[in-house]
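Novice: Before I ask anything, here is the structure I am working with.
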Amino acid sequence: MKCPFCGSQDTSVIDSRPADDNTSIRRRRSCPECGKRFTTYEKVETIPLIVIKKDNNREPYDRTKIEKGVLIACRKRPVAAAQISKVVDEIETEIFSLEEKEIPSTKIGEIVMEHLENVDPVAYVRFASVYREFKDVNTFMDELKRVLDK
C-alpha cells in the first residue's frame, strides 16, 4: 500500500480488525520512510447492480432510495431508527444475494414489502399503497383485509 504522505511503496500493517459495520476490515498502517501512520479499509468488491425501472429505463442501484422509502413508510410509527437500519441492511443483503447484474424495481419493491410486513403492518400498508399504486379504496381495503387475515 502506497503511503499517502510520502509516496513510499513499502508500508506495513500494524493492526487489523473488523470495521464497525462488520462488512469491511480496518487496517492501521505505518510507513518506515516518513514514520507516519494511516488507516485503510478493505471491502469486498460487489458487482455493480443495475435496476430496471417500470418504464424499462436502467439506473445504478441506490441504497438511499430504499432507506428513504422505508423511512417514509415508518414515519410516526413506533419503529426505532436502529430497526429501520437493520431492515434496510437485510433488504440489501437479500437483493445482492440474488447475484443478478440487473434486477427489476418490482422485485426490489416486493422484497421491501416482505420485510416491512414483519416490522410494522401500518408501514407495510403505507409502502404498498404507493408501490402498488392503489387506484381506489377497494384495492386498498383488499390489501388491508389480507394483512388483517394474517
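Labeling convention for the C-alpha cells: chains A, B, ... as they appear, residues from 1 per chain, ligands from 1 in order of appearance.
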Can you pull out the residues contacting Cys6 of chain A? Cut-off 9 Å, using only C-alpha atoms, and skip same-chain residues under 3 positions away; I want them as a PDB file with C-alpha atoms, in the first residue's frame.
Specialist:
ATOM      1  CA  LYS A   2       1.412   3.364  -1.018  1.00  0.00           C
ATOM      2  CA  CYS A   3       1.936   5.890   1.778  1.00  0.00           C
ATOM      3  CA  CYS A  31       5.383   3.962   6.791  1.00  0.00           C
ATOM      4  CA  GLU A  33      10.197   6.101   5.338  1.00  0.00           C
ATOM      5  CA  CYS A  34       8.386   9.036   6.963  1.00  0.00           C
ATOM      6  CA  LYS A  36       3.584   8.426   9.736  1.00  0.00           C
TER       7      LYS A  36
END
Novice: So that I can check the surroundings of segment 132-138 of chain A, please list as a list in words every protein, DNA and RNA residue that reaches within 10 Å of it, counting only C-alpha atoms and ignoring chain neighbours fewer than 5 positions away.
Specialist: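 The residues that qualify are Thr106, Gly109, Glu110, Val125, Phe127, Glu143 and Leu144 of chain A.
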Novice: Write the residues of the selection above to a file with all heavy atoms, as a short mmCIF file (atom, residue, chain, number, x, y, z; two decimals), in the first residue's frame.
Specialist:
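Okay, this is what ended up in again.cif:
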data_model
loop_
_atom_site.label_atom_id
_atom_site.label_comp_id
_atom_site.auth_asym_id
_atom_site.auth_seq_id
_atom_site.Cartn_x
_atom_site.Cartn_y
_atom_site.Cartn_z
N THR A 106 -39.54 -3.80 -9.56
CA THR A 106 -40.69 -4.50 -8.98
C THR A 106 -40.24 -5.57 -7.99
O THR A 106 -40.85 -5.76 -6.94
CB THR A 106 -41.55 -5.15 -10.08
OG1 THR A 106 -40.71 -5.95 -10.91
CG2 THR A 106 -42.23 -4.09 -10.93
N GLY A 109 -39.19 -3.84 -4.83
CA GLY A 109 -40.39 -3.43 -4.10
C GLY A 109 -41.02 -4.58 -3.34
O GLY A 109 -41.45 -4.42 -2.18
N GLU A 110 -41.08 -5.75 -3.96
CA GLU A 110 -41.64 -6.93 -3.28
C GLU A 110 -40.80 -7.33 -2.07
O GLU A 110 -41.34 -7.68 -1.01
CB GLU A 110 -41.75 -8.11 -4.26
CG GLU A 110 -42.74 -7.91 -5.39
CD GLU A 110 -44.19 -7.77 -4.93
OE1 GLU A 110 -44.56 -8.39 -3.91
OE2 GLU A 110 -44.94 -7.02 -5.59
N VAL A 125 -48.55 -1.26 4.82
CA VAL A 125 -49.69 -0.79 4.01
C VAL A 125 -49.36 0.56 3.37
O VAL A 125 -49.70 0.80 2.21
CB VAL A 125 -50.98 -0.72 4.86
CG1 VAL A 125 -52.10 -0.04 4.09
CG2 VAL A 125 -51.40 -2.11 5.29
N PHE A 127 -46.37 1.64 2.46
CA PHE A 127 -45.44 1.39 1.36
C PHE A 127 -46.19 0.73 0.19
O PHE A 127 -46.01 1.12 -0.96
CB PHE A 127 -44.28 0.50 1.82
CG PHE A 127 -43.21 0.35 0.78
CD1 PHE A 127 -42.17 1.25 0.69
CD2 PHE A 127 -43.24 -0.71 -0.14
CE1 PHE A 127 -41.18 1.13 -0.27
CE2 PHE A 127 -42.26 -0.84 -1.10
CZ PHE A 127 -41.23 0.08 -1.17
N GLU A 143 -56.12 -5.04 0.34
CA GLU A 143 -54.79 -5.23 0.92
C GLU A 143 -54.86 -5.21 2.45
O GLU A 143 -54.21 -6.02 3.11
CB GLU A 143 -53.82 -4.15 0.42
CG GLU A 143 -52.38 -4.39 0.75
CD GLU A 143 -51.80 -5.62 0.06
OE1 GLU A 143 -52.24 -5.98 -1.04
OE2 GLU A 143 -50.88 -6.22 0.65
N LEU A 144 -55.68 -4.31 2.99
CA LEU A 144 -55.86 -4.27 4.45
C LEU A 144 -56.44 -5.57 4.98
O LEU A 144 -55.99 -6.10 6.00
CB LEU A 144 -56.79 -3.12 4.84
CG LEU A 144 -56.15 -1.76 5.01
CD1 LEU A 144 -57.21 -0.70 5.35
CD2 LEU A 144 -55.08 -1.77 6.07
#
Novice: Quick one: residues within 8 Å of Ile25 of chain A, only C-alpha atoms, excluding same-chain residues fewer than 3 positions away - as a ChimeraX atom specification?
Specialist: /A:16-19,22,41-43
Novice: Would you mind listing what lies within 10 Å of Arg63 of chain A as a PyMOL selection string, with only C-alpha atoms counted and same-chain residues fewer than 2 positions away left out?
Specialist: chain A and resi 60-61+65-68+88-89+91-92
Novice: Tell me, as a list in words, which residues lie within 7 Å of segment 52-59 of chain A, counting only C-alpha atoms; anything in the same chain fewer than 5 positions away does not count.
Specialist: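 Surrounding residues, per the criterion: Glu102, Ile103, Pro104 and Ser105 of chain A.
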Novice: Determine the nearest neighbour of Val51 of chain A from the options A:Cys74, A:Met1, A:Lys107, A:Arg146, counting only C-alpha atoms.
Specialist: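 So, comparing all the options, the nearest one is A:Lys107.
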Novice: Would you please give, as a ChimeraX atom specification, all residues of chain A that DSSP assigns to strand (DSSP E) based on the backbone?
Specialist: /A:12-18,24-30,37-43,50-52,58-60,102-104
Novice: At a cut-off of 9 Å, using only C-alpha atoms, what residues contact Val122 of chain A? Leave out same-chain residues fewer than 6 positions from it and give the result as a compact mmCIF listing (two decimals) with N, CA and C atoms, in the first residue's frame.
Specialist:
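What landed in out_13.txt:
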# COMPACT_ATOMS: atom_id res chain seq x y z
N ALA A 73 -42.37 5.26 5.06
CA ALA A 73 -43.39 4.30 5.47
C ALA A 73 -43.47 4.18 6.99
N CYS A 74 -42.34 4.33 7.66
CA CYS A 74 -42.29 4.16 9.13
C CYS A 74 -42.47 5.48 9.89
N ARG A 77 -44.33 6.08 13.37
CA ARG A 77 -44.66 4.73 13.83
C ARG A 77 -43.65 4.34 14.90
N LEU A 116 -41.04 -5.16 5.44
CA LEU A 116 -41.86 -4.20 6.19
C LEU A 116 -43.06 -4.86 6.86
